[in-house]
$ cat start06.txt   # compact mmCIF, C-alpha atoms
# COMPACT_ATOMS: atom_id res chain seq x y z
CA MET G 18 116.55 -15.75 -41.76
CA PRO G 19 117.25 -17.34 -38.35
CA GLN G 20 115.36 -20.52 -37.56
CA VAL G 21 114.35 -21.80 -34.11
CA THR G 22 116.09 -25.13 -33.51
CA LEU G 23 114.89 -25.73 -29.93
CA HIS G 24 111.79 -24.49 -28.10
CA LYS G 25 111.44 -26.50 -24.90
CA GLU G 26 109.61 -25.89 -21.65
CA ILE G 27 112.16 -26.27 -18.88
CA GLY G 28 110.14 -25.49 -15.78
CA GLU G 29 107.41 -23.60 -14.00
CA GLY G 30 107.72 -20.66 -11.68
CA GLY G 31 105.08 -22.19 -9.44
CA ALA G 32 101.51 -21.27 -8.61
CA SER G 33 100.64 -18.67 -5.96
CA LEU G 34 100.32 -20.08 -2.44
CA ASP G 35 99.10 -17.01 -0.54
CA ASP G 36 95.53 -16.18 0.44
CA SER G 37 95.00 -13.84 -2.53
CA PRO G 38 91.85 -14.59 -4.58
CA THR G 39 93.97 -14.14 -7.67
CA ALA G 40 95.71 -17.33 -8.84
CA THR G 41 99.00 -17.00 -10.75
CA ASP G 42 101.52 -19.28 -12.41
CA GLU G 43 104.59 -19.16 -14.65
CA ARG G 44 105.98 -21.31 -17.46
CA VAL G 45 109.65 -21.08 -18.53
CA PHE G 46 111.05 -22.04 -21.95
CA LEU G 47 114.56 -22.43 -23.36
CA VAL G 48 114.86 -21.32 -26.99
CA ARG G 49 117.83 -21.72 -29.34
CA THR G 50 118.29 -20.49 -32.93
CA ASP G 51 120.73 -21.46 -35.67
CA LEU G 52 121.68 -17.82 -36.36
CA PRO G 53 121.66 -14.63 -34.27
CA ALA G 54 118.02 -13.66 -33.75
CA SER G 55 115.90 -10.86 -32.31
CA LYS G 56 113.53 -11.00 -29.36
CA THR G 57 110.67 -10.32 -31.77
CA LEU G 58 111.36 -13.55 -33.69
CA ILE G 59 111.16 -15.50 -30.43
CA LEU G 60 108.03 -13.66 -29.30
CA ILE G 61 106.06 -14.47 -32.47
CA HIS G 62 107.17 -18.12 -32.70
CA PRO G 63 104.13 -20.47 -32.72
CA ASN G 64 105.37 -22.32 -29.60
CA THR G 65 105.77 -19.15 -27.55
CA PRO G 66 102.67 -18.52 -25.41
CA LYS G 67 100.63 -15.49 -26.43
CA VAL G 68 98.97 -12.94 -24.19
CA TYR G 69 95.39 -13.97 -23.27
CA GLN G 70 96.02 -17.61 -24.19
CA GLN G 71 94.65 -20.16 -21.74
CA HIS G 72 97.04 -22.15 -19.52
CA PRO G 73 97.34 -25.70 -20.96
CA GLU G 74 96.74 -27.31 -17.52
CA ASN G 75 94.50 -24.77 -15.77
CA LYS G 76 91.52 -23.41 -17.68
CA ASN G 77 91.08 -20.61 -15.11
CA LEU G 78 94.47 -19.05 -15.86
CA PHE G 79 95.29 -16.86 -18.85
CA CYS G 80 98.60 -15.44 -20.00
CA ARG G 81 99.06 -11.82 -18.93
CA ARG G 82 102.68 -11.19 -19.99
CA VAL G 83 105.50 -12.83 -21.98
CA ILE G 84 109.11 -11.87 -21.17
CA VAL G 85 112.00 -12.75 -23.51
CA ASP G 86 115.48 -12.66 -21.90
CA ARG G 87 118.46 -12.88 -24.23
CA GLN G 88 121.25 -15.13 -22.86
CA ASN G 89 123.34 -14.59 -25.98
CA SER G 90 122.61 -13.95 -29.67
CA ARG G 91 121.28 -17.49 -30.15
CA VAL G 92 119.94 -18.52 -26.73
CA PHE G 93 116.86 -17.06 -25.05
CA VAL G 94 114.76 -17.75 -21.96
CA VAL G 95 111.04 -17.09 -22.28
CA THR G 96 108.87 -16.60 -19.20
CA ALA G 97 105.09 -16.66 -19.57
CA GLU G 98 103.13 -15.25 -16.62
CA TYR G 99 99.57 -16.44 -16.02
CA SER G 100 96.78 -15.03 -13.85
CA SER G 101 93.13 -15.71 -13.14
CA GLU G 102 92.41 -11.96 -13.46
CA VAL G 103 93.30 -11.86 -17.14
CA LYS G 104 90.14 -13.77 -18.09
CA GLU G 105 88.09 -10.71 -17.20
CA LYS G 106 90.32 -8.46 -19.29
CA GLN G 107 90.42 -10.32 -22.59
CA LYS G 108 88.70 -7.40 -24.29
CA GLU G 109 91.99 -5.51 -23.96
CA ASN G 110 93.54 -7.83 -26.52
CA PRO G 111 93.87 -5.68 -29.67
CA LEU G 112 93.07 -8.73 -31.79
CA ALA G 113 89.79 -9.26 -29.92
CA ARG G 114 88.48 -5.77 -30.64
CA PRO G 115 85.58 -5.58 -33.11
CA PRO G 116 86.15 -3.85 -36.45
CA ILE G 117 85.58 -0.13 -36.73
CA ILE G 118 83.17 0.40 -39.64
CA ARG G 119 82.23 3.84 -40.89
CA LEU G 120 79.87 4.85 -43.71
CA ARG G 121 80.39 8.17 -45.48
CA SER G 122 79.69 9.72 -48.86
CA LYS G 123 82.26 11.17 -51.26
CA GLN G 124 81.51 13.59 -54.06
CA GLY G 125 82.96 12.87 -57.47
CA THR G 126 82.20 12.56 -61.18
CA ARG G 127 81.58 9.64 -63.50
CA LEU G 128 81.09 9.16 -67.23
CA LYS G 129 77.56 7.93 -68.01
CA ILE G 130 75.66 7.18 -71.23
CA THR G 131 72.35 6.33 -69.53
CA ASP G 132 70.01 8.23 -67.24
CA VAL G 133 68.75 7.17 -63.81
CA HIS G 134 66.19 4.86 -65.50
CA GLY G 135 68.87 3.06 -67.53
CA LYS G 136 67.83 4.70 -70.83
CA VAL G 137 70.38 6.02 -73.31
CA LYS G 138 70.71 9.78 -73.24
CA ARG G 139 69.67 11.33 -76.58
CA ASN G 140 69.40 14.78 -78.12
CA LYS G 141 66.10 16.31 -79.30
CA LEU G 142 66.51 14.69 -82.71
CA GLY G 143 66.85 11.23 -81.20
CA ASP G 144 70.59 10.82 -81.70
CA PRO G 145 72.38 9.04 -78.81
CA LEU G 146 74.79 11.25 -76.92
CA ALA G 147 78.37 10.37 -76.11
CA ALA G 148 79.21 9.47 -72.51
CA ARG G 149 78.92 12.55 -70.33
CA GLU G 150 80.51 13.38 -67.00
CA VAL G 151 77.99 13.74 -64.17
CA ASP G 152 78.29 14.51 -60.45
CA VAL G 153 77.82 11.50 -58.20
CA SER G 154 77.69 10.98 -54.45
CA GLU G 155 79.58 7.76 -53.84
CA TRP G 156 79.04 5.76 -50.66
CA VAL G 157 82.24 4.57 -49.00
CA ILE G 158 82.39 1.95 -46.25
CA SER G 159 85.71 2.22 -44.38
CA VAL G 160 86.84 -0.74 -42.25
CA LEU G 161 89.63 -1.00 -39.68
CA LYS G 162 90.36 -4.34 -37.97
CA ASN G 163 93.41 -5.61 -36.13
CA VAL G 164 94.70 -8.93 -37.51
CA ALA G 165 97.52 -11.25 -36.50
CA LYS G 166 98.94 -11.42 -40.03
CA LEU G 167 98.10 -10.62 -43.62
CA PRO G 168 95.62 -13.05 -45.20
CA ARG G 169 97.20 -15.14 -47.96
CA TRP G 170 94.19 -14.50 -50.21
CA LEU G 171 94.57 -10.71 -50.06
CA PRO G 172 96.43 -10.24 -53.42
CA GLN G 173 93.50 -11.91 -55.20
CA TYR G 174 91.20 -9.08 -54.06
CA ALA G 175 92.93 -6.15 -55.78
CA ASN G 176 90.06 -4.20 -57.42
CA ALA G 177 87.68 -7.08 -56.63
CA ILE G 178 83.90 -6.70 -56.42
CA ASN G 179 81.49 -8.72 -54.28
CA ARG G 180 80.31 -11.95 -55.88
CA ASP G 181 77.45 -12.54 -53.42
CA THR G 182 74.93 -10.53 -51.44
CA ILE G 183 76.45 -9.27 -48.19
CA ARG G 184 75.11 -7.48 -45.10
CA ILE G 185 77.18 -4.85 -43.33
CA ARG G 186 75.87 -3.11 -40.23
CA GLY G 187 72.29 -4.11 -41.07
CA LEU G 188 72.38 -2.92 -44.70
CA THR G 189 72.17 -5.36 -47.61
CA TYR G 190 74.41 -4.96 -50.66
CA PRO G 191 73.57 -7.01 -53.79
CA PRO G 192 76.27 -8.70 -55.91
CA GLU G 193 78.62 -6.46 -57.91
CA THR G 194 77.78 -3.30 -55.96
CA LEU G 195 80.88 -3.13 -53.72
CA LYS G 196 84.50 -2.75 -54.84
CA MET G 197 87.55 -3.03 -52.60
CA GLN G 198 89.80 0.04 -52.69
CA ALA G 199 92.22 2.12 -50.60
CA LEU G 200 94.03 -0.74 -48.86
CA ASP G 201 96.17 0.63 -45.99
CA ILE G 202 98.28 -1.72 -43.84
CA PRO G 203 101.14 -0.14 -41.85
CA ASP G 204 103.91 -2.03 -40.05
CA PHE G 205 103.29 -4.39 -37.13
CA LYS G 206 102.35 -2.85 -33.79
CA PHE G 207 102.65 -4.08 -30.19
CA GLU G 208 100.05 -3.44 -27.52
CA ASN G 209 99.51 -5.29 -24.24
CA ASN G 210 102.40 -7.51 -25.28
CA GLN G 211 100.47 -8.54 -28.42
CA ARG G 212 101.80 -8.17 -31.96
CA PHE G 213 99.20 -7.20 -34.60
CA LEU G 214 98.58 -5.45 -37.92
CA PRO G 215 95.99 -2.68 -38.37
CA PHE G 216 94.14 -3.83 -41.50
CA ALA G 217 92.31 -0.90 -43.14
CA PHE G 218 90.41 -0.86 -46.44
CA GLU G 219 87.40 0.69 -48.15
CA LEU G 220 84.39 -0.77 -49.94
CA HIS G 221 82.95 1.61 -52.54
CA TYR G 222 79.24 1.21 -53.29
CA MET G 223 77.85 1.50 -56.84
CA ARG G 224 74.06 1.16 -56.97
CA ASP G 225 73.91 0.38 -60.70
CA LEU G 226 76.72 -2.21 -60.46
CA TRP G 227 80.46 -2.02 -61.05
CA ARG G 228 80.34 -2.61 -64.82
CA ASP G 229 81.51 -0.73 -67.87
CA ARG G 230 78.69 0.25 -70.24
CA ALA G 231 78.84 1.32 -73.87
CA LEU G 232 76.37 1.87 -76.69
CA HIS G 233 76.41 -0.99 -79.18
CA GLU G 234 77.72 0.78 -82.27
CA GLY G 235 80.41 0.35 -84.90
CA PHE G 236 81.60 0.80 -88.49
CA TRP G 237 80.80 -2.79 -89.50
CA GLU G 238 77.55 -4.74 -89.41
CA TYR G 239 76.29 -8.24 -90.06
CA VAL G 240 74.10 -8.74 -93.14
CA GLU G 241 72.17 -11.80 -94.25
CA ARG G 242 73.31 -13.67 -97.35
CA LYS G 243 71.68 -16.64 -99.12
CA VAL G 244 74.15 -19.40 -99.92
CA THR G 245 73.95 -23.02 -101.03
CA ARG G 246 75.34 -25.50 -98.55
CA GLN G 247 75.33 -29.23 -97.95
CA VAL G 248 73.36 -29.89 -94.79
CA PRO G 249 72.93 -33.13 -92.80
CA ASP G 250 70.00 -35.28 -93.90
CA PRO G 251 69.78 -38.64 -92.06
CA GLY G 252 66.88 -39.70 -94.32
CA SER G 253 68.93 -39.65 -97.54
CA SER G 254 71.27 -42.37 -98.69
CA ALA G 255 74.19 -39.95 -98.81
CA GLY G 256 73.47 -38.60 -95.35
CA PHE G 257 73.27 -35.00 -96.58
CA ARG G 258 71.47 -32.82 -99.11
CA THR G 259 72.01 -29.50 -100.85
CA ALA G 260 69.96 -26.60 -99.51
CA GLU G 261 69.84 -22.83 -99.54
CA VAL G 262 70.62 -21.37 -96.12
CA THR G 263 70.96 -17.91 -94.66
CA GLU G 264 74.21 -16.91 -93.02
CA LEU G 265 75.54 -13.71 -91.52
CA VAL G 266 78.58 -12.05 -93.03
CA ARG G 267 80.54 -9.05 -91.78
CA LYS G 268 80.24 -5.99 -94.01
CA ARG G 269 81.64 -2.46 -93.88
CA ILE G 270 78.94 0.18 -93.33
CA LEU G 271 78.78 2.74 -96.14
CA ILE G 272 76.56 5.80 -96.45
CA ASP G 273 76.23 7.04 -100.06
CA GLY G 274 79.38 5.08 -100.82
CA ASP G 275 81.45 6.70 -98.07
CA LEU G 276 82.47 5.65 -94.58
CA PRO G 277 80.21 7.15 -91.89
CA PRO G 278 81.78 10.04 -89.92
CA GLU G 279 80.93 8.31 -86.64
CA ALA G 280 80.00 4.85 -85.38
CA ILE G 281 76.48 3.64 -86.24
CA PRO G 282 74.15 2.14 -83.57
CA LEU G 283 73.60 -1.63 -83.98
CA ASP G 284 70.98 -4.05 -82.68
CA LYS G 285 71.71 -7.03 -80.44
CA ASN G 286 72.65 -9.13 -83.51
CA GLY G 287 75.16 -6.59 -84.80
CA MET G 288 72.87 -5.32 -87.60
CA ARG G 289 71.68 -1.82 -88.40
CA PHE G 290 68.14 -1.08 -87.26
CA ARG G 291 65.53 -1.79 -89.98
CA ASP G 292 61.75 -2.06 -90.04
CA SER G 293 59.86 -5.18 -91.13
CA ALA G 294 60.24 -4.15 -94.79
CA GLY G 295 64.02 -3.87 -94.46
CA LYS G 296 64.11 -0.06 -94.51
CA LEU G 297 66.63 1.63 -92.23
CA LEU G 298 65.13 3.27 -89.15
CA ASP G 299 65.94 6.96 -88.69
CA PRO G 300 65.69 8.01 -85.95
CA ILE G 301 66.09 4.82 -83.96
CA PRO G 302 63.51 4.41 -81.16
CA ALA G 303 65.08 4.87 -77.74
CA ASN G 304 63.80 1.53 -76.47
CA LYS G 305 65.63 -0.31 -79.26
CA LEU G 306 69.15 0.99 -78.56
CA VAL G 307 71.41 -1.71 -77.11
CA ILE G 308 73.74 -1.15 -74.17
CA LEU G 309 76.72 -3.50 -73.87
CA GLU G 310 78.02 -4.36 -70.41
CA PHE G 311 81.57 -5.48 -69.66
CA ASP G 312 83.00 -7.16 -66.55
CA ASP G 313 86.13 -5.21 -65.68
CA TYR G 314 86.62 -6.56 -62.16
CA VAL G 315 87.12 -10.01 -60.69
CA LYS G 316 84.23 -11.26 -58.53
CA LYS G 317 85.16 -12.59 -55.09
CA PRO G 318 83.30 -13.60 -51.90
CA PHE G 319 83.48 -10.66 -49.49
CA ARG G 320 82.52 -12.80 -46.50
CA ARG G 321 86.25 -13.32 -45.96
CA PHE G 322 86.66 -9.71 -44.90
CA PRO G 323 86.85 -9.01 -41.13
CA LEU G 324 83.46 -7.30 -40.85
CA LYS G 325 82.32 -8.76 -37.52
$ encode --input "start06.txt" --output "structure tokens"
Amino acid sequence: MPQVTLHKEIGEGGASLDDSPTATDERVFLVRTDLPASKTLILIHPNTPKVYQQHPENKNLFCRRVIVDRQNSRVFVVTAEYSSEVKEKQKENPLARPPIIRLRSKQGTRLKITDVHGKVKRNKLGDPLAAREVDVSEWVISVLKNVAKLPRWLPQYANAINRDTIRIRGLTYPPETLKMQALDIPDFKFENNQRFLPFAFELHYMRDLWRDRALHEGFWEYVERKVTRQVPDPGSSAGFRTAEVTELVRKRILIDGDLPPEAIPLDKNGMRFRDSAGKLLDPIPANKLVILEFDDYVKKPFRRFPLK
């Protein structure tokens, strides 16, 4: 890729001397590259003045146009025109425009094992039902903002959800309720002599959080077993003593000596549900069923997004 080897201001076109209330000025630069280069490369170079930038020596003048003249494939002359009128027209800079934010709903379906109250769905006999597909109305926040270049942190936000509470257009969204989707960034555009990228993306809202949920069930369980172990005892001369302790061991679930035809619900400790006397509960009370939650998406601060 061509590199700029010289970017030097070689003169000024001179300020306006007539009686016009509009003040103007020009700055002229000589630019050289090590390889044949395009006008675009020269235009976007950090040392090339940008439209709407303030004049370095006159705070009342702002750049209204930048002209790149090619002398040959490696030598260019850049002329930056300044005017006092541009200050009143800075809103025409595509980079200065506020983001366009739109809220809409999208119909779809989603697999769910719980109802609107967070309780596991069960049949009339009390058995938990498998995840079922339900209709949902998903809120979608679409954002379009012109940016000078792609943020370096953008790849880290693929399928990311919001780590913190965030307000967008007066509405508050708690953590883990928004997920970034539908990224759309076309090629660079030029408008009013300004190069920019239209940065478009969507934030999808999930009221009951962007998490995967599953009933805690399986074909194995933990059972208690009494064993004799040596345990620490600072009061004894040996520093330990022999004692009977209870430990949990993993055991295959069998029903009448056979494997169960389907996974069995387990409590939060990975055991089958039993009453105080150790008898298996059947059916299992709805309020005792355990729902496991899994983090499938990386959590990131959404305050980096161009939302203002």
$ residues_around --input "start06.txt" --residues "stretch 226-242 of chain G" --least-positions-apart "3" --cutoff "10 Å" --atoms "all atoms listed in the file" --output "PyMOL selection string"
chain G and resi 128-131+137+145-148+177-179+191-196+221-223+262-271+276-289+306-314
$ write_last_selection --input "start06.txt" --atoms "C-alpha atoms" --output "CSV table (one decimal), in the frame of the given file"
chain,number,residue,atom,x,y,z
G,128,LEU,CA,81.1,9.2,-67.2
G,129,LYS,CA,77.6,7.9,-68.0
G,130,ILE,CA,75.7,7.2,-71.2
G,131,THR,CA,72.4,6.3,-69.5
G,137,VAL,CA,70.4,6.0,-73.3
G,145,PRO,CA,72.4,9.0,-78.8
G,146,LEU,CA,74.8,11.2,-76.9
G,147,ALA,CA,78.4,10.4,-76.1
G,148,ALA,CA,79.2,9.5,-72.5
G,177,ALA,CA,87.7,-7.1,-56.6
G,178,ILE,CA,83.9,-6.7,-56.4
G,179,ASN,CA,81.5,-8.7,-54.3
G,191,PRO,CA,73.6,-7.0,-53.8
G,192,PRO,CA,76.3,-8.7,-55.9
G,193,GLU,CA,78.6,-6.5,-57.9
G,194,THR,CA,77.8,-3.3,-56.0
G,195,LEU,CA,80.9,-3.1,-53.7
G,196,LYS,CA,84.5,-2.8,-54.8
G,221,HIS,CA,83.0,1.6,-52.5
G,222,TYR,CA,79.2,1.2,-53.3
G,223,MET,CA,77.8,1.5,-56.8
G,262,VAL,CA,70.6,-21.4,-96.1
G,263,THR,CA,71.0,-17.9,-94.7
G,264,GLU,CA,74.2,-16.9,-93.0
G,265,LEU,CA,75.5,-13.7,-91.5
G,266,VAL,CA,78.6,-12.0,-93.0
G,267,ARG,CA,80.5,-9.0,-91.8
G,268,LYS,CA,80.2,-6.0,-94.0
G,269,ARG,CA,81.6,-2.5,-93.9
G,270,ILE,CA,78.9,0.2,-93.3
G,271,LEU,CA,78.8,2.7,-96.1
G,276,LEU,CA,82.5,5.6,-94.6
G,277,PRO,CA,80.2,7.2,-91.9
G,278,PRO,CA,81.8,10.0,-89.9
G,279,GLU,CA,80.9,8.3,-86.6
G,280,ALA,CA,80.0,4.8,-85.4
G,281,ILE,CA,76.5,3.6,-86.2
G,282,PRO,CA,74.2,2.1,-83.6
G,283,LEU,CA,73.6,-1.6,-84.0
G,284,ASP,CA,71.0,-4.0,-82.7
G,285,LYS,CA,71.7,-7.0,-80.4
G,286,ASN,CA,72.6,-9.1,-83.5
G,287,GLY,CA,75.2,-6.6,-84.8
G,288,MET,CA,72.9,-5.3,-87.6
G,289,ARG,CA,71.7,-1.8,-88.4
G,306,LEU,CA,69.2,1.0,-78.6
G,307,VAL,CA,71.4,-1.7,-77.1
G,308,ILE,CA,73.7,-1.2,-74.2
G,309,LEU,CA,76.7,-3.5,-73.9
G,310,GLU,CA,78.0,-4.4,-70.4
G,311,PHE,CA,81.6,-5.5,-69.7
G,312,ASP,CA,83.0,-7.2,-66.6
G,313,ASP,CA,86.1,-5.2,-65.7
G,314,TYR,CA,86.6,-6.6,-62.2
$ closest_atom_pairs --input "start06.txt" --of "stretch 171-210 of chain G" --to "stretch 67-87 of chain G" --cutoff "12 Å" --atoms "all atoms listed in the file" --output "Markdown table"
| residue | atom | partner | partner_atom | distance |
| --- | --- | --- | --- | --- |
| G:Phe207 | CA | G:Val68 | CA | 11.3 |
| G:Glu208 | CA | G:Val68 | CA | 10.1 |
| G:Asn209 | CA | G:Val68 | CA | 7.7 |
| G:Asn210 | CA | G:Arg82 | CA | 6.5 |
$ residues_around --input "start06.txt" --residues "G:Phe205" --least-positions-apart "4" --cutoff "8 Å" --atoms "only C-alpha atoms" --output "list in words"
Arg212, Phe213, Leu214 and Pro215 of chain G
$ closest_residue --input "start06.txt" --among "G:Leu200, G:Leu297, G:Leu52, G:Leu188" --to "G:Val160" --atoms "all atoms listed in the file"
G:Leu200
$ residues_around --input "start06.txt" --residues "G:Leu47" --least-positions-apart "3" --cutoff "9 Å" --atoms "all atoms listed in the file" --output "PyMOL selection string"
chain G and resi 23-27+92-95
$ residues_around --input "start06.txt" --residues "stretch 316-325 of chain G" --least-positions-apart "6" --cutoff "12 Å" --atoms "all atoms listed in the file" --output "count of residues only"
54
$ residues_near_point --input "start06.txt" --point "(111.0, -17.6, -33.2)" --cutoff "12 Å" --atoms "only C-alpha atoms" --output "JSON, numbers by chain"
{"G": [18, 19, 20, 21, 22, 23, 24, 47, 48, 49, 50, 51, 52, 53, 54, 55, 56, 57, 58, 59, 60, 61, 62, 63, 64, 65, 66, 85, 91, 92, 93, 94, 95]}
$ atom_distance --input "start06.txt" --atom1 "atom CA of G:Glu261" --atom2 "atom CA of G:Val244"
5.5 Å
$ atom_distance --input "start06.txt" --atom1 "atom CA of G:Asn89" --atom2 "atom CA of G:Val45"
16.9 Å
$ atom_distance --input "start06.txt" --atom1 "atom CA of G:Asn304" --atom2 "atom CA of G:Asp273"
27.2 Å
